[in-house]
Every structure is written in C-alpha cells, then in structure tokens.
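Structure below is data16.cif: mmCIF, N, CA and C atoms.
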data_final
loop_
_atom_site.label_atom_id
_atom_site.label_comp_id
_atom_site.auth_asym_id
_atom_site.auth_seq_id
_atom_site.Cartn_x
_atom_site.Cartn_y
_atom_site.Cartn_z
N MET A 1 9.78 -4.28 -9.88
CA MET A 1 8.76 -4.48 -10.88
C MET A 1 7.81 -3.29 -10.85
N MET A 2 7.46 -2.78 -11.99
CA MET A 2 6.45 -1.74 -12.09
C MET A 2 5.11 -2.41 -12.36
N ILE A 3 4.11 -2.05 -11.56
CA ILE A 3 2.78 -2.64 -11.68
C ILE A 3 1.75 -1.53 -11.79
N ALA A 4 0.86 -1.64 -12.77
CA ALA A 4 -0.20 -0.65 -12.96
C ALA A 4 -1.36 -0.96 -12.01
N ALA A 5 -1.12 -0.67 -10.74
CA ALA A 5 -2.12 -0.87 -9.68
C ALA A 5 -1.75 0.07 -8.55
N THR A 6 -2.70 0.35 -7.69
CA THR A 6 -2.40 1.23 -6.56
C THR A 6 -1.50 0.53 -5.55
N PRO A 7 -0.74 1.30 -4.79
CA PRO A 7 0.07 0.68 -3.74
C PRO A 7 -0.77 -0.14 -2.76
N GLU A 8 -1.98 0.31 -2.47
CA GLU A 8 -2.86 -0.43 -1.56
C GLU A 8 -3.21 -1.82 -2.10
N ARG A 9 -3.50 -1.89 -3.40
CA ARG A 9 -3.82 -3.20 -4.01
C ARG A 9 -2.62 -4.14 -3.96
N VAL A 10 -1.44 -3.59 -4.23
CA VAL A 10 -0.22 -4.42 -4.19
C VAL A 10 0.02 -4.90 -2.76
N PHE A 11 -0.05 -4.00 -1.81
CA PHE A 11 0.16 -4.36 -0.40
C PHE A 11 -0.81 -5.46 0.02
N ASP A 12 -2.10 -5.24 -0.24
CA ASP A 12 -3.12 -6.20 0.17
C ASP A 12 -2.93 -7.57 -0.48
N ALA A 13 -2.40 -7.58 -1.71
CA ALA A 13 -2.18 -8.85 -2.40
C ALA A 13 -1.20 -9.75 -1.64
N PHE A 14 -0.25 -9.15 -0.93
CA PHE A 14 0.72 -9.94 -0.16
C PHE A 14 0.24 -10.26 1.25
N VAL A 15 -0.87 -9.67 1.67
CA VAL A 15 -1.34 -9.83 3.04
C VAL A 15 -2.53 -10.79 3.14
N GLU A 16 -3.45 -10.71 2.20
CA GLU A 16 -4.72 -11.42 2.28
C GLU A 16 -4.66 -12.80 1.60
N PRO A 17 -5.09 -13.85 2.30
CA PRO A 17 -5.03 -15.20 1.73
C PRO A 17 -5.74 -15.35 0.39
N GLU A 18 -6.92 -14.71 0.24
CA GLU A 18 -7.65 -14.87 -1.02
C GLU A 18 -6.91 -14.23 -2.19
N SER A 19 -6.02 -13.30 -1.92
CA SER A 19 -5.18 -12.73 -2.97
C SER A 19 -3.94 -13.58 -3.21
N LEU A 20 -3.30 -14.01 -2.14
CA LEU A 20 -2.07 -14.80 -2.27
C LEU A 20 -2.26 -16.04 -3.13
N VAL A 21 -3.43 -16.66 -3.05
CA VAL A 21 -3.67 -17.88 -3.83
C VAL A 21 -3.97 -17.56 -5.30
N ARG A 22 -4.19 -16.32 -5.62
CA ARG A 22 -4.46 -15.95 -7.02
C ARG A 22 -3.18 -15.90 -7.85
N PHE A 23 -2.02 -15.67 -7.20
CA PHE A 23 -0.80 -15.50 -7.98
C PHE A 23 0.42 -16.24 -7.41
N TRP A 24 0.31 -16.81 -6.19
CA TRP A 24 1.52 -17.36 -5.59
C TRP A 24 1.32 -18.67 -4.86
N LEU A 25 0.45 -18.72 -3.88
CA LEU A 25 0.38 -19.85 -2.96
C LEU A 25 -0.74 -20.82 -3.30
N GLY A 26 -0.60 -22.03 -2.75
CA GLY A 26 -1.70 -22.99 -2.78
C GLY A 26 -2.72 -22.65 -1.71
N SER A 27 -2.22 -22.22 -0.54
CA SER A 27 -3.11 -21.80 0.54
C SER A 27 -2.34 -20.97 1.56
N ALA A 28 -3.11 -20.18 2.30
CA ALA A 28 -2.57 -19.40 3.42
C ALA A 28 -3.59 -19.50 4.54
N SER A 29 -3.14 -19.84 5.74
CA SER A 29 -4.07 -20.10 6.85
C SER A 29 -4.73 -18.85 7.39
N ALA A 30 -4.10 -17.70 7.18
CA ALA A 30 -4.62 -16.46 7.77
C ALA A 30 -3.95 -15.28 7.07
N PRO A 31 -4.53 -14.09 7.21
CA PRO A 31 -3.85 -12.90 6.70
C PRO A 31 -2.58 -12.65 7.50
N LEU A 32 -1.64 -11.94 6.89
CA LEU A 32 -0.47 -11.53 7.65
C LEU A 32 -0.90 -10.50 8.69
N ARG A 33 -0.54 -10.76 9.93
CA ARG A 33 -0.80 -9.85 11.04
C ARG A 33 0.47 -9.82 11.87
N LEU A 34 0.82 -8.66 12.40
CA LEU A 34 2.06 -8.52 13.16
C LEU A 34 2.17 -9.57 14.26
N GLY A 35 3.29 -10.29 14.24
CA GLY A 35 3.61 -11.26 15.28
C GLY A 35 2.79 -12.52 15.28
N GLN A 36 1.87 -12.69 14.33
CA GLN A 36 1.01 -13.87 14.30
C GLN A 36 1.39 -14.74 13.09
N PRO A 37 1.87 -15.95 13.33
CA PRO A 37 2.27 -16.80 12.21
C PRO A 37 1.08 -17.19 11.33
N ALA A 38 1.32 -17.19 10.04
CA ALA A 38 0.36 -17.71 9.06
C ALA A 38 1.05 -18.87 8.36
N HIS A 39 0.35 -19.97 8.19
CA HIS A 39 0.92 -21.13 7.52
C HIS A 39 0.68 -20.99 6.02
N TRP A 40 1.77 -20.98 5.27
CA TRP A 40 1.70 -20.86 3.82
C TRP A 40 2.07 -22.20 3.19
N THR A 41 1.24 -22.66 2.27
CA THR A 41 1.51 -23.85 1.49
C THR A 41 1.76 -23.40 0.05
N PHE A 42 2.90 -23.75 -0.48
CA PHE A 42 3.26 -23.36 -1.83
C PHE A 42 2.72 -24.38 -2.83
N LEU A 43 2.94 -24.17 -4.10
CA LEU A 43 2.37 -25.03 -5.14
C LEU A 43 3.18 -26.30 -5.38
N VAL A 44 4.38 -26.37 -4.82
CA VAL A 44 5.19 -27.58 -4.90
C VAL A 44 4.81 -28.46 -3.70
N PRO A 45 4.40 -29.71 -3.94
CA PRO A 45 4.01 -30.57 -2.82
C PRO A 45 5.09 -30.63 -1.74
N GLY A 46 4.68 -30.45 -0.50
CA GLY A 46 5.59 -30.50 0.64
C GLY A 46 6.27 -29.18 0.96
N ALA A 47 6.14 -28.19 0.09
CA ALA A 47 6.76 -26.89 0.33
C ALA A 47 5.81 -26.04 1.17
N GLU A 48 6.19 -25.83 2.42
CA GLU A 48 5.37 -25.09 3.37
C GLU A 48 6.27 -24.23 4.24
N ALA A 49 5.69 -23.17 4.79
CA ALA A 49 6.45 -22.31 5.71
C ALA A 49 5.48 -21.52 6.57
N GLU A 50 5.99 -21.12 7.72
CA GLU A 50 5.26 -20.17 8.56
C GLU A 50 5.79 -18.79 8.20
N ALA A 51 4.89 -17.85 7.97
CA ALA A 51 5.27 -16.46 7.70
C ALA A 51 4.74 -15.62 8.86
N THR A 52 5.63 -14.91 9.51
CA THR A 52 5.24 -14.07 10.64
C THR A 52 5.61 -12.62 10.31
N ALA A 53 4.59 -11.78 10.17
CA ALA A 53 4.81 -10.39 9.80
C ALA A 53 5.57 -9.66 10.90
N THR A 54 6.57 -8.89 10.48
CA THR A 54 7.34 -8.05 11.39
C THR A 54 7.10 -6.57 11.12
N THR A 55 6.63 -6.25 9.91
CA THR A 55 6.30 -4.88 9.53
C THR A 55 5.08 -4.90 8.63
N LEU A 56 4.10 -4.09 8.96
CA LEU A 56 2.93 -3.90 8.10
C LEU A 56 2.63 -2.41 8.09
N ASP A 57 3.26 -1.71 7.17
CA ASP A 57 3.10 -0.26 7.04
C ASP A 57 2.36 0.00 5.73
N ARG A 58 1.04 -0.24 5.76
CA ARG A 58 0.22 -0.13 4.55
C ARG A 58 0.17 1.32 4.09
N PRO A 59 0.40 1.59 2.83
CA PRO A 59 0.68 0.68 1.72
C PRO A 59 2.15 0.68 1.30
N ARG A 60 3.06 1.14 2.16
CA ARG A 60 4.44 1.36 1.73
C ARG A 60 5.40 0.20 1.92
N ARG A 61 5.20 -0.59 2.95
CA ARG A 61 6.23 -1.58 3.28
C ARG A 61 5.63 -2.71 4.10
N LEU A 62 6.08 -3.92 3.81
CA LEU A 62 5.74 -5.05 4.65
C LEU A 62 6.94 -5.97 4.72
N ALA A 63 7.04 -6.68 5.82
CA ALA A 63 8.15 -7.60 6.00
C ALA A 63 7.66 -8.77 6.83
N TRP A 64 8.29 -9.91 6.60
CA TRP A 64 7.97 -11.08 7.41
C TRP A 64 9.20 -11.96 7.54
N ASN A 65 9.16 -12.80 8.56
CA ASN A 65 10.18 -13.83 8.77
C ASN A 65 9.55 -15.15 8.38
N TRP A 66 10.34 -15.96 7.67
CA TRP A 66 9.91 -17.31 7.38
C TRP A 66 10.46 -18.23 8.45
N SER A 67 9.84 -19.37 8.61
CA SER A 67 10.21 -20.30 9.67
C SER A 67 11.63 -20.84 9.52
N ASP A 68 12.24 -20.72 8.34
CA ASP A 68 13.62 -21.18 8.17
C ASP A 68 14.64 -20.12 8.57
N GLY A 69 14.16 -18.97 9.06
CA GLY A 69 15.07 -17.91 9.51
C GLY A 69 15.31 -16.81 8.49
N THR A 70 14.88 -17.01 7.24
CA THR A 70 15.06 -15.95 6.26
C THR A 70 14.03 -14.85 6.48
N LYS A 71 14.39 -13.67 6.01
CA LYS A 71 13.54 -12.49 6.17
C LYS A 71 13.25 -11.91 4.80
N VAL A 72 12.02 -11.43 4.63
CA VAL A 72 11.60 -10.81 3.37
C VAL A 72 11.09 -9.41 3.68
N GLU A 73 11.51 -8.45 2.87
CA GLU A 73 11.00 -7.09 2.98
C GLU A 73 10.55 -6.63 1.60
N ILE A 74 9.34 -6.13 1.52
CA ILE A 74 8.79 -5.63 0.27
C ILE A 74 8.52 -4.14 0.43
N THR A 75 9.09 -3.35 -0.48
CA THR A 75 8.81 -1.92 -0.48
C THR A 75 7.93 -1.60 -1.69
N ILE A 76 6.99 -0.70 -1.46
CA ILE A 76 5.98 -0.37 -2.46
C ILE A 76 5.93 1.16 -2.57
N GLU A 77 6.22 1.67 -3.76
CA GLU A 77 6.27 3.12 -3.94
C GLU A 77 5.49 3.54 -5.18
N PRO A 78 4.62 4.53 -5.03
CA PRO A 78 3.92 5.04 -6.22
C PRO A 78 4.90 5.72 -7.16
N GLU A 79 4.74 5.48 -8.44
CA GLU A 79 5.55 6.10 -9.49
C GLU A 79 4.60 6.53 -10.59
N GLY A 80 4.07 7.73 -10.48
CA GLY A 80 3.08 8.19 -11.45
C GLY A 80 1.82 7.36 -11.32
N GLU A 81 1.40 6.76 -12.42
CA GLU A 81 0.19 5.93 -12.41
C GLU A 81 0.50 4.46 -12.13
N GLU A 82 1.74 4.16 -11.85
CA GLU A 82 2.15 2.79 -11.56
C GLU A 82 2.70 2.72 -10.14
N THR A 83 3.03 1.51 -9.74
CA THR A 83 3.61 1.27 -8.42
C THR A 83 4.88 0.45 -8.59
N ALA A 84 5.97 0.91 -7.99
CA ALA A 84 7.23 0.18 -8.00
C ALA A 84 7.25 -0.76 -6.80
N VAL A 85 7.58 -2.02 -7.05
CA VAL A 85 7.62 -3.04 -6.00
C VAL A 85 9.02 -3.65 -5.99
N ALA A 86 9.64 -3.67 -4.81
CA ALA A 86 10.97 -4.25 -4.67
C ALA A 86 10.96 -5.25 -3.53
N VAL A 87 11.67 -6.35 -3.71
CA VAL A 87 11.75 -7.41 -2.70
C VAL A 87 13.21 -7.60 -2.30
N ALA A 88 13.45 -7.67 -0.99
CA ALA A 88 14.78 -7.97 -0.47
C ALA A 88 14.66 -9.15 0.48
N CYS A 89 15.54 -10.11 0.33
CA CYS A 89 15.56 -11.29 1.20
C CYS A 89 16.94 -11.38 1.87
N THR A 90 16.93 -11.69 3.14
CA THR A 90 18.18 -11.83 3.89
C THR A 90 18.08 -13.04 4.82
N GLY A 91 19.24 -13.39 5.38
CA GLY A 91 19.27 -14.44 6.39
C GLY A 91 19.51 -15.83 5.86
N PHE A 92 20.08 -15.94 4.67
CA PHE A 92 20.34 -17.27 4.11
C PHE A 92 21.40 -17.97 4.95
N ASP A 93 21.22 -19.26 5.17
CA ASP A 93 22.06 -20.04 6.05
C ASP A 93 23.05 -20.88 5.26
N GLY A 94 24.08 -21.35 5.95
CA GLY A 94 25.03 -22.28 5.37
C GLY A 94 26.29 -21.60 4.88
N PRO A 95 27.16 -22.40 4.24
CA PRO A 95 28.41 -21.85 3.70
C PRO A 95 28.11 -20.86 2.56
N ALA A 96 29.09 -20.03 2.23
CA ALA A 96 28.91 -18.97 1.24
C ALA A 96 28.36 -19.51 -0.08
N GLU A 97 28.86 -20.64 -0.54
CA GLU A 97 28.40 -21.21 -1.81
C GLU A 97 26.91 -21.54 -1.75
N THR A 98 26.46 -22.08 -0.64
CA THR A 98 25.04 -22.41 -0.46
C THR A 98 24.21 -21.13 -0.39
N GLN A 99 24.72 -20.14 0.31
CA GLN A 99 24.00 -18.86 0.41
C GLN A 99 23.81 -18.22 -0.97
N VAL A 100 24.84 -18.26 -1.78
CA VAL A 100 24.76 -17.67 -3.12
C VAL A 100 23.72 -18.44 -3.95
N ALA A 101 23.77 -19.75 -3.91
CA ALA A 101 22.82 -20.56 -4.68
C ALA A 101 21.39 -20.29 -4.22
N THR A 102 21.19 -20.18 -2.91
CA THR A 102 19.86 -19.90 -2.38
C THR A 102 19.40 -18.51 -2.77
N ALA A 103 20.30 -17.54 -2.71
CA ALA A 103 19.95 -16.17 -3.10
C ALA A 103 19.55 -16.10 -4.57
N LEU A 104 20.26 -16.80 -5.43
CA LEU A 104 19.92 -16.81 -6.85
C LEU A 104 18.57 -17.46 -7.08
N ALA A 105 18.30 -18.59 -6.43
CA ALA A 105 17.01 -19.25 -6.58
C ALA A 105 15.88 -18.37 -6.04
N THR A 106 16.14 -17.68 -4.94
CA THR A 106 15.13 -16.79 -4.35
C THR A 106 14.85 -15.61 -5.28
N THR A 107 15.90 -15.07 -5.89
CA THR A 107 15.73 -13.97 -6.83
C THR A 107 14.87 -14.40 -8.01
N GLU A 108 15.17 -15.57 -8.55
CA GLU A 108 14.36 -16.10 -9.65
C GLU A 108 12.92 -16.29 -9.20
N GLY A 109 12.74 -16.88 -8.04
CA GLY A 109 11.39 -17.13 -7.54
C GLY A 109 10.57 -15.87 -7.37
N PHE A 110 11.16 -14.84 -6.76
CA PHE A 110 10.42 -13.60 -6.57
C PHE A 110 10.19 -12.87 -7.89
N ALA A 111 11.09 -13.01 -8.86
CA ALA A 111 10.85 -12.41 -10.18
C ALA A 111 9.60 -13.02 -10.81
N ILE A 112 9.45 -14.32 -10.66
CA ILE A 112 8.28 -15.01 -11.20
C ILE A 112 7.03 -14.59 -10.42
N VAL A 113 7.11 -14.55 -9.10
CA VAL A 113 5.98 -14.14 -8.27
C VAL A 113 5.52 -12.73 -8.64
N LEU A 114 6.47 -11.79 -8.75
CA LEU A 114 6.11 -10.42 -9.09
C LEU A 114 5.53 -10.31 -10.50
N SER A 115 6.04 -11.11 -11.42
CA SER A 115 5.49 -11.11 -12.78
C SER A 115 4.06 -11.62 -12.79
N ASP A 116 3.80 -12.67 -12.02
CA ASP A 116 2.44 -13.20 -11.96
C ASP A 116 1.51 -12.22 -11.23
N LEU A 117 2.02 -11.57 -10.18
CA LEU A 117 1.24 -10.54 -9.49
C LEU A 117 0.88 -9.41 -10.45
N LYS A 118 1.86 -8.95 -11.21
CA LYS A 118 1.63 -7.87 -12.18
C LYS A 118 0.52 -8.27 -13.16
N THR A 119 0.63 -9.45 -13.71
CA THR A 119 -0.37 -9.90 -14.69
C THR A 119 -1.76 -9.96 -14.06
N TRP A 120 -1.84 -10.53 -12.85
CA TRP A 120 -3.14 -10.65 -12.19
C TRP A 120 -3.74 -9.28 -11.88
N LEU A 121 -2.95 -8.37 -11.29
CA LEU A 121 -3.49 -7.07 -10.93
C LEU A 121 -3.85 -6.22 -12.15
N GLU A 122 -3.12 -6.38 -13.24
CA GLU A 122 -3.37 -5.56 -14.42
C GLU A 122 -4.44 -6.14 -15.33
N SER A 123 -4.62 -7.45 -15.33
CA SER A 123 -5.57 -8.07 -16.27
C SER A 123 -6.74 -8.78 -15.59
N GLY A 124 -6.59 -9.03 -14.29
CA GLY A 124 -7.64 -9.77 -13.59
C GLY A 124 -7.46 -11.28 -13.64
N ARG A 125 -6.40 -11.73 -14.33
CA ARG A 125 -6.14 -13.17 -14.44
C ARG A 125 -4.66 -13.44 -14.23
N SER A 126 -4.37 -14.49 -13.49
CA SER A 126 -2.99 -14.92 -13.35
C SER A 126 -2.52 -15.51 -14.67
N ALA A 127 -1.25 -15.31 -14.98
CA ALA A 127 -0.66 -15.94 -16.15
C ALA A 127 -0.25 -17.38 -15.86
N GLY A 128 -0.36 -17.78 -14.59
CA GLY A 128 0.03 -19.13 -14.22
C GLY A 128 1.53 -19.34 -14.16
N LEU A 129 2.29 -18.25 -14.05
CA LEU A 129 3.75 -18.36 -14.05
C LEU A 129 4.28 -19.10 -12.83
N THR A 130 3.73 -18.78 -11.66
CA THR A 130 4.16 -19.46 -10.43
C THR A 130 3.80 -20.94 -10.50
N ALA A 131 2.61 -21.23 -10.99
CA ALA A 131 2.19 -22.63 -11.12
C ALA A 131 3.06 -23.37 -12.13
N ALA A 132 3.43 -22.70 -13.21
CA ALA A 132 4.30 -23.34 -14.21
C ALA A 132 5.67 -23.64 -13.63
N LYS A 133 6.21 -22.72 -12.84
CA LYS A 133 7.51 -22.97 -12.19
C LYS A 133 7.40 -24.14 -11.22
N ALA A 134 6.29 -24.22 -10.49
CA ALA A 134 6.09 -25.34 -9.56
C ALA A 134 6.05 -26.65 -10.32
N ARG A 135 5.37 -26.68 -11.48
CA ARG A 135 5.32 -27.92 -12.28
C ARG A 135 6.71 -28.31 -12.76
N LEU A 136 7.53 -27.32 -13.12
CA LEU A 136 8.90 -27.61 -13.56
C LEU A 136 9.72 -28.19 -12.41
N ILE A 137 9.59 -27.62 -11.23
CA ILE A 137 10.32 -28.14 -10.07
C ILE A 137 9.90 -29.58 -9.80
N ILE A 138 8.62 -29.85 -9.86
CA ILE A 138 8.10 -31.21 -9.62
C ILE A 138 8.64 -32.15 -10.68
N ALA A 139 8.58 -31.74 -11.95
CA ALA A 139 9.02 -32.60 -13.06
C ALA A 139 10.50 -32.93 -12.97
N ARG A 140 11.29 -31.98 -12.50
CA ARG A 140 12.74 -32.19 -12.43
C ARG A 140 13.18 -32.75 -11.08
N GLY A 141 12.24 -32.88 -10.16
CA GLY A 141 12.57 -33.43 -8.85
C GLY A 141 13.51 -32.55 -8.03
N CYS A 142 13.44 -31.25 -8.22
CA CYS A 142 14.32 -30.32 -7.50
C CYS A 142 13.76 -29.99 -6.14
#

Starting from the file, lay out its structure as structure tokens.
Amino acid sequence: MMIAATPERVFDAFVEPESLVRFWLGSASAPLRLGQPAHWTFLVPGAEAEATATTLDRPRRLAWNWSDGTKVEITIEPEGEETAVAVACTGFDGPAETQVATALATTEGFAIVLSDLKTWLESGRSAGLTAAKARLIIARGC
C-alpha cells in the first residue's frame, strides 16, 4: 500500500496503542516493545491475541509473533513523497487447505487494515473499514 505519510508515522501507528485503536484494534495493553507481550483486543468480540515484537527497526521494519504462532513482518520504505508498506505473514498451522484459507483471510484482513491506516494518516479520520469488517463477521457469525 502506498501511503502519503512519513515512514516514521506509519511505523509508530503499528507500535503505539493510541494509534492502533484509531484504525485497527479495540484496545492494546501496551506499545510494542522487543520481547514484551502486548495484549491486543480486536473489534470482533472474543478476538484477542498477544503480540510480542521481534524486530523494531524504526522506521524501516517491524515484526511480531502472535500467540497462535503466526508471525507478521511489516516493511516500510519511502517512495518519493509517499511510503510503501508491505505485510508478510507466516507460520499458519494445520493441513494445506486450512493454511491456504487462513492465508487468504489474513491477506484480506491486512488489506482492510492498511486501507484504513492510509485513510486515517492521510485525512485524520478512519474510514471505519476495519470496524465495518468486524460488524460483517459478527453478523455472519464467522
């Protein structure tokens, strides 16, 4: 995703609880700090995870492990007056069919998260995309 914001603003948005709740989470217990778990509560009731930072290379790269064993790595690169943001997730569990389904759902989820992040950083307001997806999940009982 290309975002019209500095790499530092993008990086900090994924680290600081007061930013995470603006575009993604319901709450975060603490900022991401190397080796220190932060409890993240998502917008879908009951959806929670521990996120433990494994890399914090401000403003270029951050990575964390989720309590389910999956790993997330975000790379942030300046591109002129914009910033390119890429997300990679690994460590999906289960048989191949389950891994593929989880990877597809994760790809969709991060596309929505990055879109809401872009809107918030560029306009100062969330578009509510992550919240809308959470309402759809709740409505469909997924």

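Among the candidates A:Trp64, A:Phe11, A:Phe23, A:Phe110, the residue lying nearest to A:Gln36 is A:Trp64 (atoms considered: only C-alpha atoms).
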
Point to revise | Residue among A:Ser126, A:Pro7, A:Ala38, A:Glu108 lying closest to A:Arg60, counting all atoms listed in the file | key: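 Result for the nearest residue to A:Arg60: A:Pro7.
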
Review point. For the atom pair atom CA of A:Arg125 and atom CA of A:Glu8, what is the interatomic distance in Å to one decimal place?
Key: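 These atoms are spaced 18.4 Å apart.
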
Exercise for review: Could you state which residues are captured by the PyMOL selection byres ((chain A and resi 78-90) around 6.5) in this file, as a PyMOL selection string?
Suggested key: chain A and resi 1-7+69-77+91-92

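Straight-line separation from atom N of A:Glu48 to atom CA of A:Gly26: 9.9 Å.
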
Practice item. State, in Å with one decimal place, the distance from atom C of A:Ala96 to atom N of A:Thr41. Key: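 Distance between the two atoms: 27.4 Å.
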
Practice item. Evaluate the PyMOL selection byres ((chain A and resi 40) around 6) on the structure here and hand back the selected residues as a PyMOL selection string. Key: chain A and resi 27-29+38-39+41-42+47-51

Point to revise | DSSP helix (DSSP H, G or I) residues within stretch 58-122 of chain A, listed as a PyMOL selection string | key: chain A and resi 96-122

Mind dumping the selected residues with N, CA and C atoms as a PDB file, in the frame of the given file?
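Writing done, so here's selection.pdb:
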ATOM      1  N   ALA A  96      29.090 -20.030   2.230  1.00  0.00           N
ATOM      2  CA  ALA A  96      28.910 -18.970   1.240  1.00  0.00           C
ATOM      3  C   ALA A  96      28.360 -19.510  -0.080  1.00  0.00           C
ATOM      4  N   GLU A  97      28.860 -20.640  -0.540  1.00  0.00           N
ATOM      5  CA  GLU A  97      28.400 -21.210  -1.810  1.00  0.00           C
ATOM      6  C   GLU A  97      26.910 -21.540  -1.750  1.00  0.00           C
ATOM      7  N   THR A  98      26.460 -22.080  -0.640  1.00  0.00           N
ATOM      8  CA  THR A  98      25.040 -22.410  -0.460  1.00  0.00           C
ATOM      9  C   THR A  98      24.210 -21.130  -0.390  1.00  0.00           C
ATOM     10  N   GLN A  99      24.720 -20.140   0.310  1.00  0.00           N
ATOM     11  CA  GLN A  99      24.000 -18.860   0.410  1.00  0.00           C
ATOM     12  C   GLN A  99      23.810 -18.220  -0.970  1.00  0.00           C
ATOM     13  N   VAL A 100      24.840 -18.260  -1.780  1.00  0.00           N
ATOM     14  CA  VAL A 100      24.760 -17.670  -3.120  1.00  0.00           C
ATOM     15  C   VAL A 100      23.720 -18.440  -3.950  1.00  0.00           C
ATOM     16  N   ALA A 101      23.770 -19.750  -3.910  1.00  0.00           N
ATOM     17  CA  ALA A 101      22.820 -20.560  -4.680  1.00  0.00           C
ATOM     18  C   ALA A 101      21.390 -20.290  -4.220  1.00  0.00           C
ATOM     19  N   THR A 102      21.190 -20.180  -2.910  1.00  0.00           N
ATOM     20  CA  THR A 102      19.860 -19.900  -2.380  1.00  0.00           C
ATOM     21  C   THR A 102      19.400 -18.510  -2.770  1.00  0.00           C
ATOM     22  N   ALA A 103      20.300 -17.540  -2.710  1.00  0.00           N
ATOM     23  CA  ALA A 103      19.950 -16.170  -3.100  1.00  0.00           C
ATOM     24  C   ALA A 103      19.550 -16.100  -4.570  1.00  0.00           C
ATOM     25  N   LEU A 104      20.260 -16.800  -5.430  1.00  0.00           N
ATOM     26  CA  LEU A 104      19.920 -16.810  -6.850  1.00  0.00           C
ATOM     27  C   LEU A 104      18.570 -17.460  -7.080  1.00  0.00           C
ATOM     28  N   ALA A 105      18.300 -18.590  -6.430  1.00  0.00           N
ATOM     29  CA  ALA A 105      17.010 -19.250  -6.580  1.00  0.00           C
ATOM     30  C   ALA A 105      15.880 -18.370  -6.040  1.00  0.00           C
ATOM     31  N   THR A 106      16.140 -17.680  -4.940  1.00  0.00           N
ATOM     32  CA  THR A 106      15.130 -16.790  -4.350  1.00  0.00           C
ATOM     33  C   THR A 106      14.850 -15.610  -5.280  1.00  0.00           C
ATOM     34  N   THR A 107      15.900 -15.070  -5.890  1.00  0.00           N
ATOM     35  CA  THR A 107      15.730 -13.970  -6.830  1.00  0.00           C
ATOM     36  C   THR A 107      14.870 -14.400  -8.010  1.00  0.00           C
ATOM     37  N   GLU A 108      15.170 -15.570  -8.550  1.00  0.00           N
ATOM     38  CA  GLU A 108      14.360 -16.100  -9.650  1.00  0.00           C
ATOM     39  C   GLU A 108      12.920 -16.290  -9.200  1.00  0.00           C
ATOM     40  N   GLY A 109      12.740 -16.880  -8.040  1.00  0.00           N
ATOM     41  CA  GLY A 109      11.390 -17.130  -7.540  1.00  0.00           C
ATOM     42  C   GLY A 109      10.570 -15.870  -7.370  1.00  0.00           C
ATOM     43  N   PHE A 110      11.160 -14.840  -6.760  1.00  0.00           N
ATOM     44  CA  PHE A 110      10.420 -13.600  -6.570  1.00  0.00           C
ATOM     45  C   PHE A 110      10.190 -12.870  -7.890  1.00  0.00           C
ATOM     46  N   ALA A 111      11.090 -13.010  -8.860  1.00  0.00           N
ATOM     47  CA  ALA A 111      10.850 -12.410 -10.180  1.00  0.00           C
ATOM     48  C   ALA A 111       9.600 -13.020 -10.810  1.00  0.00           C
ATOM     49  N   ILE A 112       9.450 -14.320 -10.660  1.00  0.00           N
ATOM     50  CA  ILE A 112       8.280 -15.010 -11.200  1.00  0.00           C
ATOM     51  C   ILE A 112       7.030 -14.590 -10.420  1.00  0.00           C
ATOM     52  N   VAL A 113       7.110 -14.550  -9.100  1.00  0.00           N
ATOM     53  CA  VAL A 113       5.980 -14.140  -8.270  1.00  0.00           C
ATOM     54  C   VAL A 113       5.520 -12.730  -8.640  1.00  0.00           C
ATOM     55  N   LEU A 114       6.470 -11.790  -8.750  1.00  0.00           N
ATOM     56  CA  LEU A 114       6.110 -10.420  -9.090  1.00  0.00           C
ATOM     57  C   LEU A 114       5.530 -10.310 -10.500  1.00  0.00           C
ATOM     58  N   SER A 115       6.040 -11.110 -11.420  1.00  0.00           N
ATOM     59  CA  SER A 115       5.490 -11.110 -12.780  1.00  0.00           C
ATOM     60  C   SER A 115       4.060 -11.620 -12.790  1.00  0.00           C
ATOM     61  N   ASP A 116       3.800 -12.670 -12.020  1.00  0.00           N
ATOM     62  CA  ASP A 116       2.440 -13.200 -11.960  1.00  0.00           C
ATOM     63  C   ASP A 116       1.510 -12.220 -11.230  1.00  0.00           C
ATOM     64  N   LEU A 117       2.020 -11.570 -10.180  1.00  0.00           N
ATOM     65  CA  LEU A 117       1.240 -10.540  -9.490  1.00  0.00           C
ATOM     66  C   LEU A 117       0.880  -9.410 -10.450  1.00  0.00           C
ATOM     67  N   LYS A 118       1.860  -8.950 -11.210  1.00  0.00           N
ATOM     68  CA  LYS A 118       1.630  -7.870 -12.180  1.00  0.00           C
ATOM     69  C   LYS A 118       0.520  -8.270 -13.160  1.00  0.00           C
ATOM     70  N   THR A 119       0.630  -9.450 -13.710  1.00  0.00           N
ATOM     71  CA  THR A 119      -0.370  -9.900 -14.690  1.00  0.00           C
ATOM     72  C   THR A 119      -1.760  -9.960 -14.060  1.00  0.00           C
ATOM     73  N   TRP A 120      -1.840 -10.530 -12.850  1.00  0.00           N
ATOM     74  CA  TRP A 120      -3.140 -10.650 -12.190  1.00  0.00           C
ATOM     75  C   TRP A 120      -3.740  -9.280 -11.880  1.00  0.00           C
ATOM     76  N   LEU A 121      -2.950  -8.370 -11.290  1.00  0.00           N
ATOM     77  CA  LEU A 121      -3.490  -7.070 -10.930  1.00  0.00           C
ATOM     78  C   LEU A 121      -3.850  -6.220 -12.150  1.00  0.00           C
ATOM     79  N   GLU A 122      -3.120  -6.380 -13.240  1.00  0.00           N
ATOM     80  CA  GLU A 122      -3.370  -5.560 -14.420  1.00  0.00           C
ATOM     81  C   GLU A 122      -4.440  -6.140 -15.330  1.00  0.00           C
TER      82      GLU A 122
END

Practice item. Return the single residue from A:Asp12, A:Gly35, A:Ser19, A:Gly141 that is closest to A:Thr54, with distances computed using all atoms listed in the file. Key: A:Gly35

**Study point:** Non-local contacts of A:Val44 (8 Å; all atoms listed in the file; under 4 positions in same chain excluded) as a VMD selection string
**Key:** chain A and resid 25 to 26 48 130 to 131 133 to 135 137 to 138

Exercise for review: Could you tell me, as number ranges by chain, which residues of chain A DSSP assigns to strand (DSSP E or B) when given the backbone?
Suggested key: A: 2-3, 27-28, 33-34, 36-41, 48-57, 61-66, 71-79, 82-90

Exercise for review: Apply the PyMOL selection byres (((chain A and resi 115 and name CA) around 9) and name CA) to the displayed file and report the matching residues as a ChimeraX atom specification.
Suggested key: /A:1,3,110-114,116-120,127,129-130

Exercise for review: Excluding A:Glu16 and any residue of its chain fewer than 6 positions from it, enumerate the residues within 6.5 Å of it, using all atoms listed in the file, and give them as a ChimeraX atom specification.
Suggested key: /A:30-32
